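Visitor: Take a look at the following structure, please.
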Protein chains: 4
Amino acid sequence: MAEQRFRPGSPRVLVAGATGFAGALAAHLLWRHPGFELAALTARAPEGRALEELYPRYRVPLEIGELERAPLEELDAAIVAYPHAAAAGAVALLHERGARVIDLSADFRLSDRATYERWYGPHPRPELLAQAVYGLTELHRERIAAASIVANPGCYPTAAVLALAPLARAGLLADVVIDAKQGLSGAGRGAPAEVAHLSYAAENITPYQVAGHRHTPEIEEQLGALGAGLAVQFQAHLVSLDQGEMASCYVTPTRPVRAQELAELYARAYEREPFVEVAAAPPGVREVRETNYCRIFAAADRHTGKVLVFSAIDNLWKGTSSQAVQNLNVMFGLPEEEGLL
Amino acid sequence: MAEQRFRPGSPRVLVAGATGFAGALAAHLLWRHPGFELAALTARAPEGRALEELYPRYRVPLEIGELERAPLEELDAAIVAYPHAAAAGAVALLHERGARVIDLSADFRLSDRATYERWYGPHPRPELLAQAVYGLTELHRERIAAASIVANPGCYPTAAVLALAPLARAGLLADVVIDAKQGLSGAGRGAPAEVAHLSYAAENITPYQVAGHRHTPEIEEQLGALGAGLAVQFQAHLVSLDQGEMASCYVTPTRPVRAQELAELYARAYEREPFVEVAAAPPGVREVRETNYCRIFAAADRHTGKVLVFSAIDNLWKGTSSQAVQNLNVMFGLPEEEGLL
Amino acid sequence: MAEQRFRPGSPRVLVAGATGFAGALAAHLLWRHPGFELAALTARAPEGRALEELYPRYRVPLEIGELERAPLEELDAAIVAYPHAAAAGAVALLHERGARVIDLSADFRLSDRATYERWYGPHPRPELLAQAVYGLTELHRERIAAASIVANPGCYPTAAVLALAPLARAGLLADVVIDAKQGLSGAGRGAPAEVAHLSYAAENITPYQVAGHRHTPEIEEQLGALGAGLAVQFQAHLVSLDQGEMASCYVTPTRPVRAQELAELYARAYEREPFVEVAAAPPGVREVRETNYCRIFAAADRHTGKVLVFSAIDNLWKGTSSQAVQNLNVMFGLPEEEGLL
Amino acid sequence: MAEQRFRPGSPRVLVAGATGFAGALAAHLLWRHPGFELAALTARAPEGRALEELYPRYRVPLEIGELERAPLEELDAAIVAYPHAAAAGAVALLHERGARVIDLSADFRLSDRATYERWYGPHPRPELLAQAVYGLTELHRERIAAASIVANPGCYPTAAVLALAPLARAGLLADVVIDAKQGLSGAGRGAPAEVAHLSYAAENITPYQVAGHRHTPEIEEQLGALGAGLAVQFQAHLVSLDQGEMASCYVTPTRPVRAQELAELYARAYEREPFVEVAAAPPGVREVRETNYCRIFAAADRHTGKVLVFSAIDNLWKGTSSQAVQNLNVMFGLPEEEGLL
């Protein structure tokens with residue numbers, strides 16, 4: 001697929017940070033998308049190579065250049081795939097030049113500057129916080145459609161908030177434990193050998209960032225906005241696979257919940273969502289691998305009275321890059337599923 | 001290693017059910033053990049082959065025969081690796097002939113017949129329940145030393161109870177969620193293709209037996225005996241690796257617990273245990289792969305007030321077969337680590 | 001994607017043998033194909049379930065029925081995914097009812113009945129051999145376009161013949177060793193636990209069918225038709241991954257070959273092929289995973305004088321089911337890449 | 001196993017380069033060995049940590065220091081696990097201080113300086129070449145017993161030469177193709193992300209160093225010394241597992257060879273070798289994982305007249321570190337299997 005085949009007049013999109021896992025996948029998805037022109041790829045350390053040399057399987061022959069030399073004036077949109085703190089500056093630059101920006105970092109996910117700074121350090125561009133819309137498509141579709149800056153959710157909050165939103169809205173969350181498991185792509189291309197080298201990562205399961213993962217406040221803010229203000233126990237684990245993420249949620253409900261009520265609650269919540277599947281059996285992450293689907297299964301445990309919700313996504317797709325494309329579709333009035341099936 | 005090299009006069013041990021994963025590993029460990037003679041291997045469907053044909057890596061040239069034709073009179077001990085319900089009969093037979101028996105199934109793990117029957121169906125040999133000792137070595141060492149029937153723990157209860165015992169003894173367990181993850185060896189050799197075929201299991205994470213895993217009452221009984229009578233939320237997941245198990249435990253304590261108290265509690269609890277390692281960092285299951293170690297890390301979460309405990313074992317080793325050998329060592333007065341380092 | 005979205009008047013296709021890996025993937029590809037209607041799914045042991053229950057990731061809600069009860073009169077085409085010998089009867093039945101058939105088995109791949117019978121036993125339908133066209137699209141495109149029965153190639157011959165065809169046509173093959181490696185999907189859903197259970201297959205590499213793999217005569221016939229009549233040394237290995245296949249070919253050439261000549265030979269051979277990529281570096285099978293691409297790299301070894309050719313495909317895609325769809329596209333005059341990018 | 005348990009008066013051994021995969025495993029094996037004292041660990045970049053922090057599963061609490069500050073006077077032996085060219089200097093230093101040295105690098109494997117320099121560049125210590133003995137235990141046991149410098153073989157030459165030695169001695173090698181496959185541990189701890197990160201390496205098979213792998217002259221020298229002077233086609237591949245290596249050898253014999261002759265040739269060649277297993281079926285690398293065994297299967301192909309030999313080792317064990325310990329056993333007059341079963 002050596003050439004793009006977009007419709008004439010399609011919005012022009014730049015991907016900044018295209019050498020990392022998230023940016024490279026975003027570029028791959030846009031290259032094949034009939035409704036966007038992938039206009040340019042940039043990176044902080046461009047390496048002077050075409051993307052397909054770094055990621056042959058993505059088959060994107062564009063060369064990766066420097067953001068400063070990219071044709072910023074002619075862009076309609078940009079996806080920024082930088083680490084937190086570094087991202088805000090690039091977002092600001094692109095925003096000033098008139099592009100609508102989707103930021104894959106954490107920089108604009110928390111509406112409260114103080115909360116951000118407690119978890120991440122000084123915010124480089126606090127003046128832009130008010131303009132940013134949280135990009136969990138299923139929760140904020142209308143505001144995303146009009147946004148100039150979209151803060152794409154973290155992968156864990158994507159899985160966890162979609163799992164818990166129906167219970168939050170129903171006022172059913174009294175206590176929440178989220179045990180999340182993810183493949184090594186979540187550790188990023190720059191992860192140290194002791195984490196990501198196959199000789200360490202194969203045949204392994206490891207909890208990390210114990211008691212203090214930065215996705216915690218993001219989950220709490222989103223659940224809080226749905227009426228469930230509570231401290232959430234969130235714990236991440238790396239397991240020996242590449243792409244895939246499972247959020248297992250253990251909820252102590254505010255009142256007893258029966259299986260039938262639970263089934264109806266979830267069926268109703270997501271009946272019109274093209275990318276949320278309410279499953280009849282516990283999902284495996286393979287079922288959503290390399291898709292934009294989130295697959296959810298909820299159960300009531302009669303022994304403990306708790307409610308269990310399992311939510312499976314591909315951390316790089318719905319958890320990151322394909323959700324960014326879903327948001328781009330929403331922002332530019334395209335069918336939400338275009339380029340994603 | 002075509003020949004056994006045990007000391008003269010070593011106890012003679014039979015392994016029944018040697019074609020499955022657990023029995024085969026037990027045979028492998030005993031074949032190399034300097035203090036036991038592996039006297040015979042049997043299986044319900046013996047297949048007429050030597051164990052090394054089925055499991056070349058275990059290098060045990062003994063042929064697998066039928067239990068009925070084995071030299072039962074000359075045995076000192078036996079390990080029974082049958083499925084639950086089927087095991088009890090074999091245990092009874094071997095027990096009657098004078099062998100001290102370690103049962104790897106669930107048949108004698110629950111002291112209360114009614115509880116067993118609620119989870120597993122009618123108990124085939126309830127009259128033997130009173131003689132069985134629960135074989136979590138670290139908790140019941142003295143009674144195991146004298147036992148004629150040892151009910152070897154399930155792999156999940158091994159990891160979970162070792163993780164929670166210090167808190168249970170200290171009266172600190174108010175609410176417990178255990179999210180456990182395990183490799184495919186836990187599904188057994190007879191697991192269907194849709195579970196265990198690499199083309200289904202690779203790159204996968206799947207919860208199973210949602211809201212009703214049979215290891216729940218076993219964990220509850222053991223914690224209850226330590227003073228913590230409560231309903232435990234236990235949930236198992238299969239992840240795409242072979243051997244390895246992680247129990248992530250989320251405890252709401254009965255009172256606030258600080259990091260320092262927690263560290264001292266665990267250090268003291270296991271300071272003399274040869275096979276329990278209290279780690280300074282979150283453990284990975286690779287660190288205990290093909291060992292009899294249980295590696296534990298505990299942390300206090302200041303944000304939620306919960307206590308988190310992570311417990312890593314090899315489900316086939318400490319979770320099953322090497323713990324059986326550890327128990328055999330205890331039962332026959334050998335050094336507890338012999339044959340296991 | 002709960003509904004098919006094919007163009008009105010699209011050819012109607014049945015997949016027989018939809019419970020196996022190959023048939024299920026063919027069904028998945030056709031369900032999403034804009035130019036075909038997936039009309040029915042059948043299997044020899046239908047299990048009374050929808051395909052998506054067996055293969056949730058394929059998202060095909062059609063129920064699997066019996067071939068005898070399928071609406072055979074209304075079909076335009078069929079893909080038969082049965083084991084060899086069993087396939088021929090189904091092919092004959094569907095052919096008689098007027099469907100154009102693609103057979104994924106070996107039954108019609110060898111033009112010579114005697115050769116077939118030497119490797120596979122009695123041929124059930126020898127009278128149909130003359131009508132079958134070998135379905136390696138890149139070699140037999142024109143005949144496939146007109147065929148009523150297409151014998152879809154084996155996965156190994158697909159990789160190997162595409163690797164060697166340019167050398168065969170140039171009269172350069174004096175001696176050939178093909179060392180092929182494949183993931184566990186190649187072993188099929190029904191493979192025994194000792195082969196396919198993750199606890200045997202993980203962390204493993206195993207040669208199989210040593211000195212006598214049935215794909216040997218198929219490779220020899222295809223190379224012979226290009227002018228290279230010789231006995232080929234073909235050896236297959238299973239390696240611990242799911243989908244992916246690498247054929248490493250070691251050729252003693254009939255005369256010295258230089259790098260430049262080799263590069264030009266391969267560039268020219270495949271310059272117009274949409275699904276054959278001549279790579280500038282040794283390919284990895286991940287680069288073609290879940291695609292219809294074959295990625296080839298050729299090199300001349302100055303030390304030994306041999307020519308080395310590496311050919312990577314996804315054994316389930318280009319090696320089986322997506323090549324069947326590529327052939328369907330050719331047979332029904334659709335763009336060859338439709339539904340496959 | 002917090003303490004070593006060696007016999008009093010055991011030789012004292014240093015491991016230089018203990019932070020890499022090979023040095024760390026050598027340290028682990030010596031720490032558990034009853035016949036050696038692991039005296040010190042060093043590294044070029046020591047990182048100021050105990051080995052067990054870098055490799056928790058090896059459970060070696062010794063701190064890693066600098067070679068220059070190690071107690072070199074009190075050593076009996078050393079294992080040097082440095083990259084080639086860097087190793088020679090460390091070998092010379094330790095040799096001068098009186099230690100018997102096993103070098104895991106390529107620096108002393110080739111007896112001919114010119115050949116070394118053609119493949120590796122200038123030799124840093126050519127004056128020591130004459131003192132070095134090639135450490136393939138099964139071929140050079142007597143000379144190893146007396147050596148002051150042992151050049152431990154490369155992992156590929158270990159598997160390949162053990163596979164081919166019986167044919168070489170019998171004058172049967174006319175042409176040889178070796179297709180070797182190895183897990184990611186072979187790429188080393190310092191391999192770049194594009195090679196070793198699980199997100200690149202999982203589900204992958206890749207040939208590397210095409211037409212020019214540096215192990216070629218080492219294999220040729222060893223086969224040549226057995227009477228088979230020929231250019232060998234050697235090709236390496238990385239496959240998605242951690243530890244394990246398979247050398248598949250395709251031999252055109254100098255005269256026809258029958259199965260029976262082949263079986264006797266291999267049985268006789270290795271009947272007294274404790275670590276070479278002549279198998280009755282094609283071996284899988286799992287069968288030798290984490291062992292010092294080499295498992296070999298030979299077959300005659302009647303169709304092509306070629307002889308096929310498959311040789312499985314663990315690249316980190318018999319291919320590197322456990323063979324170094326086997327050599328140490330030989331050098332110090334210990335039972336060859338001590339510490340390795």
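By convention here, the chains of the structure tokens are called A, B, ... in the order presented, each chain's residues are numbered starting at 1, and ligands are numbered starting at 1 in the order presented.
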Which residues of chain B sit at most 7 Å from chain A, using only C-alpha atoms? Give each one's shortest atom pair and distance in Å (one decimal place), in chain and ascending residue order, as JSON lines.

Guide:
{"residue": "B:Asp179", "atom": "CA", "partner": "A:Asp179", "partner_atom": "CA", "distance": 7.0}
{"residue": "B:Glu203", "atom": "CA", "partner": "A:Leu241", "partner_atom": "CA", "distance": 5.0}
{"residue": "B:Asn204", "atom": "CA", "partner": "A:Arg286", "partner_atom": "CA", "distance": 5.2}
{"residue": "B:Ile205", "atom": "CA", "partner": "A:Gly284", "partner_atom": "CA", "distance": 5.3}
{"residue": "B:Thr206", "atom": "CA", "partner": "A:Gly284", "partner_atom": "CA", "distance": 4.4}
{"residue": "B:Pro207", "atom": "CA", "partner": "A:Pro282", "partner_atom": "CA", "distance": 6.1}
{"residue": "B:Tyr208", "atom": "CA", "partner": "A:Pro282", "partner_atom": "CA", "distance": 6.8}
{"residue": "B:Ala211", "atom": "CA", "partner": "A:Asp301", "partner_atom": "CA", "distance": 4.9}
{"residue": "B:Ala231", "atom": "CA", "partner": "A:Thr304", "partner_atom": "CA", "distance": 5.9}
{"residue": "B:Val232", "atom": "CA", "partner": "A:Thr304", "partner_atom": "CA", "distance": 6.9}
{"residue": "B:Gln233", "atom": "CA", "partner": "A:Thr304", "partner_atom": "CA", "distance": 6.3}
{"residue": "B:Ser240", "atom": "CA", "partner": "A:Ser240", "partner_atom": "CA", "distance": 6.8}
{"residue": "B:Leu241", "atom": "CA", "partner": "A:Glu203", "partner_atom": "CA", "distance": 5.0}
{"residue": "B:Asp242", "atom": "CA", "partner": "A:Glu203", "partner_atom": "CA", "distance": 6.7}
{"residue": "B:Met246", "atom": "CA", "partner": "A:Ile205", "partner_atom": "CA", "distance": 6.9}
{"residue": "B:Pro282", "atom": "CA", "partner": "A:Pro207", "partner_atom": "CA", "distance": 6.1}
{"residue": "B:Pro283", "atom": "CA", "partner": "A:Thr206", "partner_atom": "CA", "distance": 6.1}
{"residue": "B:Gly284", "atom": "CA", "partner": "A:Thr206", "partner_atom": "CA", "distance": 4.4}
{"residue": "B:Val285", "atom": "CA", "partner": "A:Asn204", "partner_atom": "CA", "distance": 5.3}
{"residue": "B:Arg286", "atom": "CA", "partner": "A:Asn204", "partner_atom": "CA", "distance": 5.2}
{"residue": "B:Asp301", "atom": "CA", "partner": "A:Ala211", "partner_atom": "CA", "distance": 4.9}
{"residue": "B:Thr304", "atom": "CA", "partner": "A:Ala231", "partner_atom": "CA", "distance": 5.9}

Visitor: Please produce an output containing N, CA, C and O atoms for each residue in the selection, written as a CSV table (one decimal), in the first residue's frame.

Guide:
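Result file follows (result-v7.csv):
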chain,number,residue,atom,x,y,z
B,179,ASP,N,-7.0,-10.8,43.3
B,179,ASP,CA,-7.0,-11.0,41.8
B,179,ASP,C,-5.8,-11.8,41.5
B,179,ASP,O,-4.7,-11.4,41.6
B,203,GLU,N,-0.8,-14.3,23.7
B,203,GLU,CA,-1.3,-12.9,23.6
B,203,GLU,C,-2.7,-12.8,24.2
B,203,GLU,O,-3.5,-12.0,23.7
B,204,ASN,N,-3.0,-13.5,25.3
B,204,ASN,CA,-4.3,-13.4,25.8
B,204,ASN,C,-4.3,-13.2,27.4
B,204,ASN,O,-3.3,-13.6,28.0
B,205,ILE,N,-5.3,-12.6,27.9
B,205,ILE,CA,-5.6,-12.5,29.3
B,205,ILE,C,-7.1,-12.8,29.4
B,205,ILE,O,-7.8,-12.1,28.8
B,206,THR,N,-7.5,-13.7,30.3
B,206,THR,CA,-8.9,-14.0,30.4
B,206,THR,C,-9.3,-14.3,31.8
B,206,THR,O,-8.7,-15.2,32.4
B,207,PRO,N,-10.3,-13.7,32.4
B,207,PRO,CA,-10.8,-14.1,33.7
B,207,PRO,C,-11.6,-15.4,33.5
B,207,PRO,O,-12.2,-15.6,32.4
B,208,TYR,N,-11.6,-16.3,34.5
B,208,TYR,CA,-12.5,-17.5,34.3
B,208,TYR,C,-13.1,-17.8,35.7
B,208,TYR,O,-12.6,-17.4,36.7
B,211,ALA,N,-16.9,-15.1,39.8
B,211,ALA,CA,-17.9,-15.2,40.9
B,211,ALA,C,-18.2,-16.6,41.3
B,211,ALA,O,-19.4,-17.0,41.2
B,231,ALA,N,-15.9,-13.4,54.2
B,231,ALA,CA,-16.0,-13.8,52.8
B,231,ALA,C,-15.0,-13.1,51.9
B,231,ALA,O,-14.9,-11.9,52.0
B,232,VAL,N,-14.3,-13.9,51.2
B,232,VAL,CA,-13.2,-13.4,50.4
B,232,VAL,C,-13.6,-13.3,48.9
B,232,VAL,O,-14.2,-14.2,48.4
B,233,GLN,N,-13.3,-12.2,48.3
B,233,GLN,CA,-13.5,-12.1,46.8
B,233,GLN,C,-12.3,-12.6,46.1
B,233,GLN,O,-11.2,-12.0,46.1
B,240,SER,N,-1.0,-15.5,29.1
B,240,SER,CA,-0.3,-16.3,28.1
B,240,SER,C,1.1,-16.6,28.5
B,240,SER,O,2.1,-16.1,27.9
B,241,LEU,N,1.3,-17.4,29.5
B,241,LEU,CA,2.6,-17.9,29.8
B,241,LEU,C,2.4,-19.4,30.3
B,241,LEU,O,1.2,-19.8,30.4
B,242,ASP,N,3.5,-20.1,30.6
B,242,ASP,CA,3.3,-21.5,30.9
B,242,ASP,C,3.2,-21.6,32.4
B,242,ASP,O,2.1,-21.9,33.0
B,246,MET,N,0.5,-15.1,40.1
B,246,MET,CA,0.6,-13.9,40.9
B,246,MET,C,-0.7,-13.7,41.6
B,246,MET,O,-1.7,-13.6,40.9
B,282,PRO,N,8.3,-5.1,44.1
B,282,PRO,CA,7.3,-6.0,43.6
B,282,PRO,C,7.9,-7.2,42.8
B,282,PRO,O,8.7,-6.9,42.0
B,283,PRO,N,7.5,-8.4,43.1
B,283,PRO,CA,8.1,-9.5,42.5
B,283,PRO,C,7.5,-9.8,41.1
B,283,PRO,O,6.4,-9.5,40.8
B,284,GLY,N,8.3,-10.4,40.2
B,284,GLY,CA,7.8,-11.0,39.0
B,284,GLY,C,7.7,-12.5,39.1
B,284,GLY,O,8.5,-13.1,39.9
B,285,VAL,N,6.8,-13.1,38.4
B,285,VAL,CA,6.7,-14.6,38.6
B,285,VAL,C,8.0,-15.3,38.0
B,285,VAL,O,8.3,-16.4,38.4
B,286,ARG,N,8.7,-14.7,37.1
B,286,ARG,CA,9.9,-15.3,36.6
B,286,ARG,C,10.9,-15.5,37.7
B,286,ARG,O,11.8,-16.4,37.6
B,301,ASP,N,-1.1,1.7,50.9
B,301,ASP,CA,-1.5,2.8,50.0
B,301,ASP,C,-2.1,3.9,50.8
B,301,ASP,O,-3.2,3.8,51.4
B,304,THR,N,-5.6,5.4,49.5
B,304,THR,CA,-6.9,4.7,49.8
B,304,THR,C,-7.0,4.1,51.2
B,304,THR,O,-8.0,3.7,51.6

Visitor: Write out as a VMD selection string which residues come within 10 Å of D:Ala106 when counting only C-alpha atoms, dropping same-chain ones fewer than 3 positions away.

Guide: chain D and resid 82 to 85 87 to 88 103 109 to 110 116 120 151 to 154 214 to 215 218

Visitor: Please return, as a PyMOL selection string, all residues of stretch 66-179 of chain A that DSSP assigns to helix (DSSP H, G or I) on the basis of the backbone.

Guide: chain A and resi 67-69+72-74+86-96+113-120+126-131+137-146+155-169

Visitor: If we count only C-alpha atoms, what is near A:Leu173 at a cut-off of 6 Å, once residues fewer than 3 positions away on the same chain are taken out, given as a list in words?

Guide: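 Within the cut-off, the hits are Ala168, Pro253 and Thr254 of chain A.
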
Visitor: To one decimal in Å, tell me the separation between atom CA of C:Glu277 and atom CA of C:Arg295.

Guide: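 Rounded to one decimal, the two atoms are 4.6 Å apart.
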
Visitor: If you run DSSP on the backbone, which residues of stretch 234-340 of chain D are strand (DSSP E), as a PyMOL selection string?

Guide: chain D and resi 234-239+245-253+276-278+294-300+307-313

Visitor: Could you pull the residues within 12 Å of C:Arg169, counting only C-alpha atoms, minus those fewer than 2 positions along the same chain, as a PyMOL selection string?

Guide: chain C and resi 139+161-167+171-173+222-229+265-266+269

Visitor: Just how far from atom CA of C:Lys318 is atom CA of C:Asn292, in Å to one decimal?

Guide: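 Separation of atom CA of C:Asn292 and atom CA of C:Lys318: 4.4 Å.
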
Visitor: Taking only C-alpha atoms into account, name the residue in B:Ala170, B:Thr158, B:Val133, B:Ala280 that is nearest to B:Ala145.

Guide: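 Using only C-alpha atoms, the shortest distance to B:Ala145 belongs to B:Val133.
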
Visitor: Can you tell me, as JSON, numbers by chain, what residues are no more than 10 Å from B:Arg118 when counting only C-alpha atoms, ignoring any on the same chain fewer than 4 positions away?

Guide: {"B": [113, 114, 122, 123, 214, 217]}

Visitor: Please list as a list in words every residue within 9 Å of A:Glu47, counting only C-alpha atoms and excluding residues in the same chain fewer than 4 positions away.

Guide: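 The contact residues come out as Thr19, Ala43, Ile64 and Gly65 of chain A.
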
Visitor: Given the selection you just returned, output its residues as a file containing C-alpha atoms, formatted as a PDB file, in the first residue's frame.

Guide:
ATOM      1  CA  THR A  19       8.919   7.081  16.291  1.00  0.00           C
ATOM      2  CA  ALA A  43       9.767  13.289  16.055  1.00  0.00           C
ATOM      3  CA  ILE A  64      10.126  11.453   9.795  1.00  0.00           C
ATOM      4  CA  GLY A  65      11.281  15.044  10.105  1.00  0.00           C
TER       5      GLY A  65
END
